[in-house]
$ cat final_25.pdb   # PDB, C-alpha atoms
ATOM      1  CA  MET O   1     -36.137 -21.922 -63.140
ATOM      2  CA  ILE O   2     -35.376 -19.700 -60.173
ATOM      3  CA  ILE O   3     -37.781 -21.851 -58.144
ATOM      4  CA  LEU O   4     -35.697 -24.923 -58.926
ATOM      5  CA  LEU O   5     -32.573 -23.031 -57.855
ATOM      6  CA  ILE O   6     -34.100 -22.036 -54.531
ATOM      7  CA  LEU O   7     -35.497 -25.505 -53.800
ATOM      8  CA  GLY O   8     -32.228 -27.158 -54.794
ATOM      9  CA  LEU O   9     -30.195 -24.833 -52.622
ATOM     10  CA  LEU O  10     -32.504 -25.491 -49.679
ATOM     11  CA  LYS O  11     -32.048 -29.226 -50.171
ATOM     12  CA  GLN O  12     -28.283 -28.641 -50.021
ATOM     13  CA  ASN O  13     -28.486 -26.060 -47.201
ATOM     14  CA  PRO O  14     -31.459 -26.823 -44.948
ATOM     15  CA  GLY O  15     -32.285 -23.986 -42.583
ATOM     16  CA  ALA O  16     -30.578 -21.314 -44.671
ATOM     17  CA  HIS O  17     -31.918 -17.784 -44.559
ATOM     18  CA  GLY O  18     -32.899 -15.798 -47.648
ATOM     19  CA  TYR O  19     -29.795 -13.654 -47.863
ATOM     20  CA  GLU O  20     -27.621 -16.741 -47.480
ATOM     21  CA  LEU O  21     -29.410 -18.443 -50.403
ATOM     22  CA  LEU O  22     -29.094 -15.347 -52.585
ATOM     23  CA  SER O  23     -25.401 -15.075 -51.704
ATOM     24  CA  LEU O  24     -24.889 -18.724 -52.649
ATOM     25  CA  MET O  25     -26.571 -18.125 -56.014
ATOM     26  CA  GLU O  26     -24.233 -15.227 -56.679
ATOM     27  CA  GLU O  27     -21.162 -16.971 -55.264
ATOM     28  CA  LYS O  28     -21.803 -20.072 -57.375
ATOM     29  CA  HIS O  29     -22.275 -17.900 -60.485
ATOM     30  CA  TYR O  30     -25.787 -19.178 -61.194
ATOM     31  CA  LYS O  31     -26.447 -15.952 -63.111
ATOM     32  CA  TYR O  32     -24.777 -17.666 -66.067
ATOM     33  CA  ILE O  33     -27.677 -20.105 -66.131
ATOM     34  CA  VAL O  34     -30.700 -18.228 -64.787
ATOM     35  CA  ASN O  35     -31.350 -14.518 -65.001
ATOM     36  CA  PHE O  36     -32.364 -13.310 -61.538
ATOM     37  CA  THR O  37     -32.407 -10.161 -59.483
ATOM     38  CA  LYS O  38     -32.592  -9.649 -55.761
ATOM     39  CA  GLY O  39     -36.249  -8.658 -56.200
ATOM     40  CA  SER O  40     -37.167 -11.699 -58.287
ATOM     41  CA  PHE O  41     -35.383 -13.943 -55.790
ATOM     42  CA  TYR O  42     -37.306 -12.622 -52.776
ATOM     43  CA  TYR O  43     -40.581 -12.607 -54.706
ATOM     44  CA  ASN O  44     -40.143 -16.282 -55.593
ATOM     45  CA  LEU O  45     -39.058 -17.119 -52.055
ATOM     46  CA  GLY O  46     -42.354 -15.627 -50.831
ATOM     47  CA  GLN O  47     -44.294 -17.573 -53.458
ATOM     48  CA  LEU O  48     -42.680 -20.810 -52.294
ATOM     49  CA  VAL O  49     -43.804 -20.094 -48.725
ATOM     50  CA  GLU O  50     -47.349 -19.309 -49.895
ATOM     51  CA  LYS O  51     -47.521 -22.552 -51.880
ATOM     52  CA  LYS O  52     -46.188 -24.416 -48.831
ATOM     53  CA  TYR O  53     -43.161 -25.724 -50.723
ATOM     54  CA  ILE O  54     -40.958 -24.253 -48.002
ATOM     55  CA  VAL O  55     -41.587 -23.198 -44.430
ATOM     56  CA  LYS O  56     -40.202 -20.199 -42.639
ATOM     57  CA  VAL O  57     -38.439 -20.999 -39.386
ATOM     58  CA  ASP O  58     -37.661 -17.842 -37.439
ATOM     59  CA  GLN O  59     -34.420 -17.879 -35.505
ATOM     60  CA  ARG O  60     -32.581 -15.373 -33.418
ATOM     61  CA  ASP O  61     -28.881 -15.009 -33.692
ATOM     62  CA  SER O  62     -26.963 -12.786 -31.308
ATOM     63  CA  THR O  63     -28.045  -9.504 -32.902
ATOM     64  CA  ARG O  64     -31.190  -9.999 -34.958
ATOM     65  CA  GLU O  65     -34.022 -12.265 -35.950
ATOM     66  CA  THR O  66     -33.596 -14.128 -39.208
ATOM     67  CA  HIS O  67     -36.059 -15.948 -41.424
ATOM     68  CA  ASN O  68     -34.622 -19.341 -42.161
ATOM     69  CA  TYR O  69     -36.268 -21.796 -44.512
ATOM     70  CA  ASN O  70     -36.722 -25.528 -44.857
ATOM     71  CA  ILE O  71     -38.136 -27.454 -47.769
ATOM     72  CA  THR O  72     -41.382 -29.330 -47.113
ATOM     73  CA  GLU O  73     -42.553 -32.696 -48.420
ATOM     74  CA  LEU O  74     -44.654 -30.803 -50.967
ATOM     75  CA  GLY O  75     -41.528 -28.825 -51.892
ATOM     76  CA  ASP O  76     -39.603 -32.063 -52.387
ATOM     77  CA  LYS O  77     -42.271 -33.232 -54.828
ATOM     78  CA  GLU O  78     -42.124 -29.902 -56.679
ATOM     79  CA  PHE O  79     -38.325 -30.183 -56.802
ATOM     80  CA  GLU O  80     -38.615 -33.644 -58.395
ATOM     81  CA  LYS O  81     -41.183 -32.346 -60.895
ATOM     82  CA  LEU O  82     -39.020 -29.358 -61.859
ATOM     83  CA  MET O  83     -35.890 -31.499 -62.148
ATOM     84  CA  PHE O  84     -37.669 -33.649 -64.724
ATOM     85  CA  LYS O  85     -39.262 -30.652 -66.480
ATOM     86  CA  TYR O  86     -36.002 -28.741 -66.943
ATOM     87  CA  GLY O  87     -33.725 -31.770 -67.123
ATOM     88  CA  SER O  88     -35.606 -33.274 -70.057
ATOM     89  CA  LYS O  89     -36.101 -30.017 -71.975
ATOM     90  CA  THR O  90     -33.992 -28.920 -74.924
ATOM     91  CA  ASP O  91     -34.223 -25.204 -75.644
ATOM     92  CA  TYR O  92     -33.376 -23.270 -78.725
ATOM     93  CA  ILE O  93     -30.789 -20.584 -78.243
ATOM     94  CA  ASN O  94     -32.628 -17.319 -78.803
ATOM     95  CA  LEU O  95     -30.534 -14.204 -78.776
ATOM     96  CA  SER O  96     -32.375 -10.927 -79.183
ATOM     97  CA  PHE O  97     -29.691 -10.113 -81.705
ATOM     98  CA  TYR O  98     -31.013 -12.872 -83.974
ATOM     99  CA  VAL O  99     -34.303 -11.007 -84.385
ATOM    100  CA  ALA O 100     -32.472  -7.811 -85.269
ATOM    101  CA  MET O 101     -30.401  -9.724 -87.834
ATOM    102  CA  LEU O 102     -33.582 -10.758 -89.654
ATOM    103  CA  PHE O 103     -33.890  -7.131 -90.787
ATOM    104  CA  SER O 104     -30.225  -6.253 -91.198
ATOM    105  CA  ASP O 105     -30.689  -5.506 -94.925
ATOM    106  CA  GLU O 106     -33.143  -2.770 -93.974
ATOM    107  CA  TYR O 107     -30.738  -1.139 -91.509
ATOM    108  CA  LYS O 108     -27.884   1.275 -92.182
ATOM    109  CA  LYS O 109     -24.638  -0.666 -92.494
ATOM    110  CA  GLU O 110     -22.709   1.718 -90.237
ATOM    111  CA  GLU O 111     -25.361   1.299 -87.528
ATOM    112  CA  LEU O 112     -25.348  -2.473 -88.002
ATOM    113  CA  THR O 113     -21.570  -2.384 -87.617
ATOM    114  CA  LYS O 114     -21.995  -0.584 -84.268
ATOM    115  CA  LEU O 115     -24.502  -3.203 -83.099
ATOM    116  CA  ILE O 116     -22.147  -6.028 -83.994
ATOM    117  CA  GLU O 117     -19.260  -4.277 -82.240
ATOM    118  CA  ILE O 118     -21.447  -3.986 -79.120
ATOM    119  CA  GLN O 119     -22.185  -7.721 -79.345
ATOM    120  CA  ILE O 120     -18.457  -8.471 -79.615
ATOM    121  CA  GLU O 121     -17.635  -6.271 -76.629
ATOM    122  CA  GLN O 122     -20.408  -7.737 -74.454
ATOM    123  CA  THR O 123     -19.607 -11.315 -75.424
ATOM    124  CA  LYS O 124     -15.893 -10.849 -74.749
ATOM    125  CA  HIS O 125     -16.835  -9.482 -71.331
ATOM    126  CA  LYS O 126     -18.929 -12.602 -70.659
ATOM    127  CA  ILE O 127     -15.992 -14.745 -71.772
ATOM    128  CA  SER O 128     -13.664 -13.002 -69.319
ATOM    129  CA  LEU O 129     -16.146 -13.414 -66.444
ATOM    130  CA  ILE O 130     -16.603 -17.115 -67.162
ATOM    131  CA  GLN O 131     -12.835 -17.624 -67.459
ATOM    132  CA  LEU O 132     -12.367 -15.817 -64.158
ATOM    133  CA  SER O 133     -14.955 -18.056 -62.509
ATOM    134  CA  LEU O 134     -13.331 -21.186 -63.895
ATOM    135  CA  GLU O 135      -9.843 -20.124 -62.830
ATOM    136  CA  ASN O 136     -10.618 -18.795 -59.368
ATOM    137  CA  ASP O 137     -13.531 -20.680 -57.888
ATOM    138  CA  GLU O 138     -12.800 -23.962 -56.192
ATOM    139  CA  ASN O 139     -16.473 -24.167 -55.101
ATOM    140  CA  ILE O 140     -17.651 -25.017 -58.612
ATOM    141  CA  THR O 141     -18.965 -28.557 -58.856
ATOM    142  CA  ALA O 142     -17.673 -30.779 -61.662
ATOM    143  CA  TYR O 143     -20.932 -30.637 -63.628
ATOM    144  CA  PHE O 144     -21.289 -26.876 -63.240
ATOM    145  CA  LYS O 145     -17.680 -26.479 -64.382
ATOM    146  CA  LYS O 146     -18.506 -28.465 -67.513
ATOM    147  CA  MET O 147     -21.569 -26.254 -68.074
ATOM    148  CA  LEU O 148     -19.446 -23.118 -67.767
ATOM    149  CA  GLU O 149     -16.883 -24.576 -70.180
ATOM    150  CA  ASN O 150     -19.691 -25.303 -72.650
ATOM    151  CA  SER O 151     -21.033 -21.775 -72.273
ATOM    152  CA  LEU O 152     -17.517 -20.419 -72.781
ATOM    153  CA  SER O 153     -17.095 -22.326 -76.031
ATOM    154  CA  HIS O 154     -20.459 -21.021 -77.299
ATOM    155  CA  HIS O 155     -19.443 -17.440 -76.524
ATOM    156  CA  ILE O 156     -16.103 -17.902 -78.300
ATOM    157  CA  VAL O 157     -17.922 -19.209 -81.382
ATOM    158  CA  ASN O 158     -20.323 -16.242 -81.211
ATOM    159  CA  VAL O 159     -17.405 -13.773 -81.195
ATOM    160  CA  GLN O 160     -16.008 -15.495 -84.281
ATOM    161  CA  TRP O 161     -19.435 -15.281 -85.943
ATOM    162  CA  PHE O 162     -19.809 -11.587 -85.059
ATOM    163  CA  GLU O 163     -16.328 -10.878 -86.437
ATOM    164  CA  GLY O 164     -17.292 -12.722 -89.623
ATOM    165  CA  LEU O 165     -20.372 -10.527 -89.941
ATOM    166  CA  LEU O 166     -18.159  -7.440 -89.701
ATOM    167  CA  GLU O 167     -15.907  -8.832 -92.428
ATOM    168  CA  ASP O 168     -18.949  -9.419 -94.653
ATOM    169  CA  ILE O 169     -20.086  -5.817 -94.169
ATOM    170  CA  LYS O 170     -16.582  -4.538 -95.077
ATOM    171  CA  LYS O 171     -16.587  -6.653 -98.253
ATOM    172  CA  GLU O 172     -19.989  -5.213 -99.266
ATOM    173  CA  ASN O 173     -18.663  -1.642 -99.050
TER     174      ASN O 173
END

$ encode --input "final_25.pdb" --output "C-alpha coordinates"
Amino acid sequence: MIILLILGLLKQNPGAHGYELLSLMEEKHYKYIVNFTKGSFYYNLGQLVEKKYIVKVDQRDSTRETHNYNITELGDKEFEKLMFKYGSKTDYINLSFYVAMLFSDEYKKEELTKLIEIQIEQTKHKISLIQLSLENDENITAYFKKMLENSLSHHIVNVQWFEGLLEDIKKEN
(Lines of atoms letter the chains of each structure in order from A and count residues from 1; the text may use other names and numbers.)
(Lines give C-alpha, C1' and ligand atoms only; values in the text may rest on other atoms or scores of the structure.)
Protein backbone atom coordinates (compact mmCIF):
# COMPACT_ATOMS: atom_id res chain seq x y z
CA MET A 1 0.00 0.00 0.00
CA ILE A 2 2.94 2.34 0.49
CA ILE A 3 3.33 2.38 -3.30
CA LEU A 4 -0.22 3.68 -3.66
CA LEU A 5 0.54 6.36 -1.07
CA ILE A 6 3.65 7.52 -2.92
CA LEU A 7 1.97 7.51 -6.34
CA GLY A 8 -1.09 9.30 -4.97
CA LEU A 9 1.01 11.95 -3.28
CA LEU A 10 2.97 12.51 -6.48
CA LYS A 11 -0.28 12.96 -8.38
CA GLN A 12 -1.25 15.61 -5.81
CA ASN A 13 2.26 17.12 -5.60
CA PRO A 14 4.05 16.75 -8.94
CA GLY A 15 7.75 17.48 -8.73
CA ALA A 16 7.99 16.84 -4.99
CA HIS A 17 11.24 15.53 -3.58
CA GLY A 18 11.50 12.40 -1.43
CA TYR A 19 11.78 14.13 1.92
CA GLU A 20 8.80 16.31 1.06
CA LEU A 21 6.68 13.23 0.27
CA LEU A 22 7.74 11.50 3.48
CA SER A 23 6.95 14.66 5.46
CA LEU A 24 3.50 14.82 3.86
CA MET A 25 2.85 11.19 4.83
CA GLU A 26 3.76 11.97 8.42
CA GLU A 27 1.98 15.33 8.47
CA LYS A 28 -1.22 13.80 7.08
CA HIS A 29 -1.03 10.99 9.67
CA TYR A 30 -0.98 8.21 7.07
CA LYS A 31 0.70 5.98 9.66
CA TYR A 32 -2.81 5.28 10.95
CA ILE A 33 -3.54 3.53 7.67
CA VAL A 34 -0.23 2.14 6.43
CA ASN A 35 2.71 1.05 8.53
CA PHE A 36 5.85 2.63 7.06
CA THR A 37 9.32 3.64 8.09
CA LYS A 38 11.74 6.08 6.55
CA GLY A 39 13.69 3.10 5.20
CA SER A 40 10.66 1.38 3.68
CA PHE A 41 9.58 4.68 2.12
CA TYR A 42 12.92 5.30 0.39
CA TYR A 43 13.21 1.66 -0.65
CA ASN A 44 9.80 1.81 -2.34
CA LEU A 45 10.61 5.18 -3.90
CA GLY A 46 13.67 3.56 -5.50
CA GLN A 47 11.59 0.60 -6.67
CA LEU A 48 9.13 2.97 -8.34
CA VAL A 49 11.99 4.62 -10.24
CA GLU A 50 13.36 1.22 -11.31
CA LYS A 51 9.94 0.12 -12.57
CA LYS A 52 9.62 3.45 -14.41
CA TYR A 53 6.44 4.39 -12.54
CA ILE A 54 8.11 7.65 -11.55
CA VAL A 55 11.04 9.60 -12.94
CA LYS A 56 13.69 11.44 -11.02
CA VAL A 57 14.11 15.07 -12.01
CA ASP A 58 17.21 16.57 -10.43
CA GLN A 59 16.92 20.20 -9.42
CA ARG A 60 19.18 22.62 -7.69
CA ASP A 61 17.86 24.96 -5.10
CA SER A 62 20.03 27.68 -3.64
CA THR A 63 22.09 25.38 -1.42
CA ARG A 64 21.87 21.80 -2.66
CA GLU A 65 20.76 19.43 -5.35
CA THR A 66 17.47 17.66 -4.76
CA HIS A 67 15.91 14.62 -6.36
CA ASN A 68 12.39 15.54 -7.34
CA TYR A 69 9.96 13.06 -8.80
CA ASN A 70 7.14 12.98 -11.31
CA ILE A 71 4.71 10.19 -12.03
CA THR A 72 4.93 8.64 -15.50
CA GLU A 73 2.16 7.35 -17.76
CA LEU A 74 3.07 3.84 -16.60
CA GLY A 75 2.85 5.10 -13.00
CA ASP A 76 -0.61 6.51 -13.70
CA LYS A 77 -1.73 3.08 -14.90
CA GLU A 78 -0.25 1.44 -11.80
CA PHE A 79 -2.02 4.04 -9.64
CA GLU A 80 -5.36 3.16 -11.29
CA LYS A 81 -4.68 -0.56 -10.81
CA LEU A 82 -3.79 -0.13 -7.13
CA MET A 83 -6.79 2.12 -6.49
CA PHE A 84 -9.07 -0.66 -7.73
CA LYS A 85 -7.10 -3.39 -5.93
CA TYR A 86 -7.19 -1.70 -2.52
CA GLY A 87 -10.47 0.15 -3.02
CA SER A 88 -12.40 -3.04 -3.73
CA LYS A 89 -10.76 -5.16 -1.02
CA THR A 90 -12.32 -5.92 2.35
CA ASP A 91 -9.81 -7.08 4.94
CA TYR A 92 -10.31 -8.92 8.15
CA ILE A 93 -9.05 -7.13 11.21
CA ASN A 94 -6.16 -9.23 12.48
CA LEU A 95 -4.63 -8.16 15.73
CA SER A 96 -1.65 -10.16 16.93
CA PHE A 97 -3.42 -10.18 20.26
CA TYR A 98 -6.17 -12.34 18.76
CA VAL A 99 -3.69 -15.16 18.18
CA ALA A 100 -2.47 -14.93 21.75
CA MET A 101 -6.07 -15.05 22.98
CA LEU A 102 -6.56 -18.42 21.26
CA PHE A 103 -4.30 -19.90 23.95
CA SER A 104 -5.30 -17.76 26.91
CA ASP A 105 -6.52 -20.81 28.87
CA GLU A 106 -2.99 -22.21 28.71
CA TYR A 107 -1.41 -19.00 30.05
CA LYS A 108 -1.07 -17.81 33.64
CA LYS A 109 -3.97 -15.52 34.48
CA GLU A 110 -1.75 -12.89 36.11
CA GLU A 111 0.41 -12.77 32.97
CA LEU A 112 -2.69 -12.60 30.77
CA THR A 113 -3.91 -9.72 32.92
CA LYS A 114 -0.62 -7.88 32.24
CA LEU A 115 -0.99 -8.45 28.49
CA ILE A 116 -4.52 -7.08 28.51
CA GLU A 117 -3.41 -4.06 30.54
CA ILE A 118 -0.69 -3.42 27.94
CA GLN A 119 -3.33 -3.60 25.20
CA ILE A 120 -5.51 -1.10 27.08
CA GLU A 121 -2.60 1.29 27.58
CA GLN A 122 -1.47 1.09 23.94
CA THR A 123 -4.99 1.43 22.58
CA LYS A 124 -5.75 4.43 24.79
CA HIS A 125 -2.54 6.01 23.49
CA LYS A 126 -3.72 5.44 19.90
CA ILE A 127 -7.07 6.97 20.81
CA SER A 128 -5.39 10.10 22.18
CA LEU A 129 -3.20 10.46 19.06
CA ILE A 130 -6.19 10.12 16.74
CA GLN A 131 -8.22 12.59 18.82
CA LEU A 132 -5.30 15.01 18.70
CA SER A 133 -5.10 14.67 14.93
CA LEU A 134 -8.83 15.23 14.54
CA GLU A 135 -8.84 18.27 16.82
CA ASN A 136 -5.71 20.00 15.57
CA ASP A 137 -5.20 19.27 11.91
CA GLU A 138 -7.07 21.41 9.43
CA ASN A 139 -5.20 19.65 6.57
CA ILE A 140 -7.23 16.46 6.98
CA THR A 141 -9.51 15.83 4.02
CA ALA A 142 -13.17 15.04 4.69
CA TYR A 143 -12.81 11.37 3.75
CA PHE A 144 -9.63 10.90 5.78
CA LYS A 145 -11.36 12.55 8.74
CA LYS A 146 -14.18 10.02 8.45
CA MET A 147 -11.60 7.21 8.29
CA LEU A 148 -9.91 8.49 11.45
CA GLU A 149 -13.29 8.76 13.19
CA ASN A 150 -14.03 5.16 12.20
CA SER A 151 -10.65 4.03 13.49
CA LEU A 152 -11.28 5.94 16.72
CA SER A 153 -14.59 4.18 17.28
CA HIS A 154 -12.95 0.78 16.69
CA HIS A 155 -10.25 1.57 19.25
CA ILE A 156 -12.85 2.69 21.80
CA VAL A 157 -14.74 -0.58 21.32
CA ASN A 158 -11.47 -2.51 21.71
CA VAL A 159 -10.75 -0.80 25.04
CA GLN A 160 -14.22 -1.78 26.23
CA TRP A 161 -13.58 -5.37 25.09
CA PHE A 162 -10.19 -5.48 26.83
CA GLU A 163 -11.75 -4.13 30.03
CA GLY A 164 -14.44 -6.81 29.77
CA LEU A 165 -11.74 -9.46 29.48
CA LEU A 166 -10.16 -8.16 32.69
CA GLU A 167 -13.53 -8.34 34.44
CA ASP A 168 -13.95 -11.95 33.28
CA ILE A 169 -10.53 -12.87 34.69
CA LYS A 170 -11.42 -11.24 38.05
CA LYS A 171 -14.69 -13.21 38.18
CA GLU A 172 -12.80 -16.48 37.55
CA ASN A 173 -10.51 -15.87 40.54

$ resolve_selection --input "final_25.pdb" --expression "the PyMOL selection byres ((chain O and resi 49) around 12)" --output "list in words"
Ile3, Ile6, Leu7, Gly18, Tyr42, Tyr43, Asn44, Leu45, Gly46, Gln47, Leu48, Glu50, Lys51, Lys52, Tyr53, Ile54, Val55, Lys56, Val57, His67, Asn68, Tyr69, Asn70, Ile71, Thr72, Leu74 and Gly75 of chain O

$ atom_distance --input "final_25.pdb" --atom1 "CA of Ser104 (chain O)" --atom2 "CA of Asn35 (chain O)"
27.5 Å

$ resolve_selection --input "final_25.pdb" --expression "the PyMOL selection byres ((chain O and resi 109) around 12)" --output "list of chain:residue names"
O:Met101, O:Phe103, O:Ser104, O:Asp105, O:Glu106, O:Tyr107, O:Lys108, O:Glu110, O:Glu111, O:Leu112, O:Thr113, O:Lys114, O:Leu115, O:Ile116, O:Leu165, O:Leu166, O:Glu167, O:Asp168, O:Ile169, O:Lys170, O:Lys171, O:Glu172, O:Asn173

$ atom_distance --input "final_25.pdb" --atom1 "CA of Phe162 (chain O)" --atom2 "CA of Gln122 (chain O)"
11.3 Å

$ resolve_selection --input "final_25.pdb" --expression "the PyMOL selection byres ((chain O and resi 131-138) around 8)" --output "number ranges by chain"
O: 29, 127-130, 139-140, 145, 148-149, 152

$ atom_distance --input "final_25.pdb" --atom1 "CA of Phe41 (chain O)" --atom2 "CA of His154 (chain O)"
27.1 Å

$ closest_residue --input "final_25.pdb" --among "O:Ala100, O:Leu5, O:Ala16, O:Leu82" --to "Thr66 (chain O)" --atoms "all atoms listed in the file"
O:Ala16

$ residues_near_point --input "final_25.pdb" --point "(-19.6, -8.9, -77.4)" --cutoff "12 Å" --atoms "all atoms listed in the file" --output "number ranges by chain"
O: 97, 114-128, 155-163

$ closest_residue --input "final_25.pdb" --among "O:Asp58, O:Glu20, O:Glu26, O:Asp76" --to "Gly8 (chain O)" --atoms "only C-alpha atoms"
O:Asp76

$ closest_residue --input "final_25.pdb" --among "O:Gly164, O:Leu22, O:Ile33, O:Gly87" --to "Leu10 (chain O)" --atoms "only C-alpha atoms"
O:Leu22
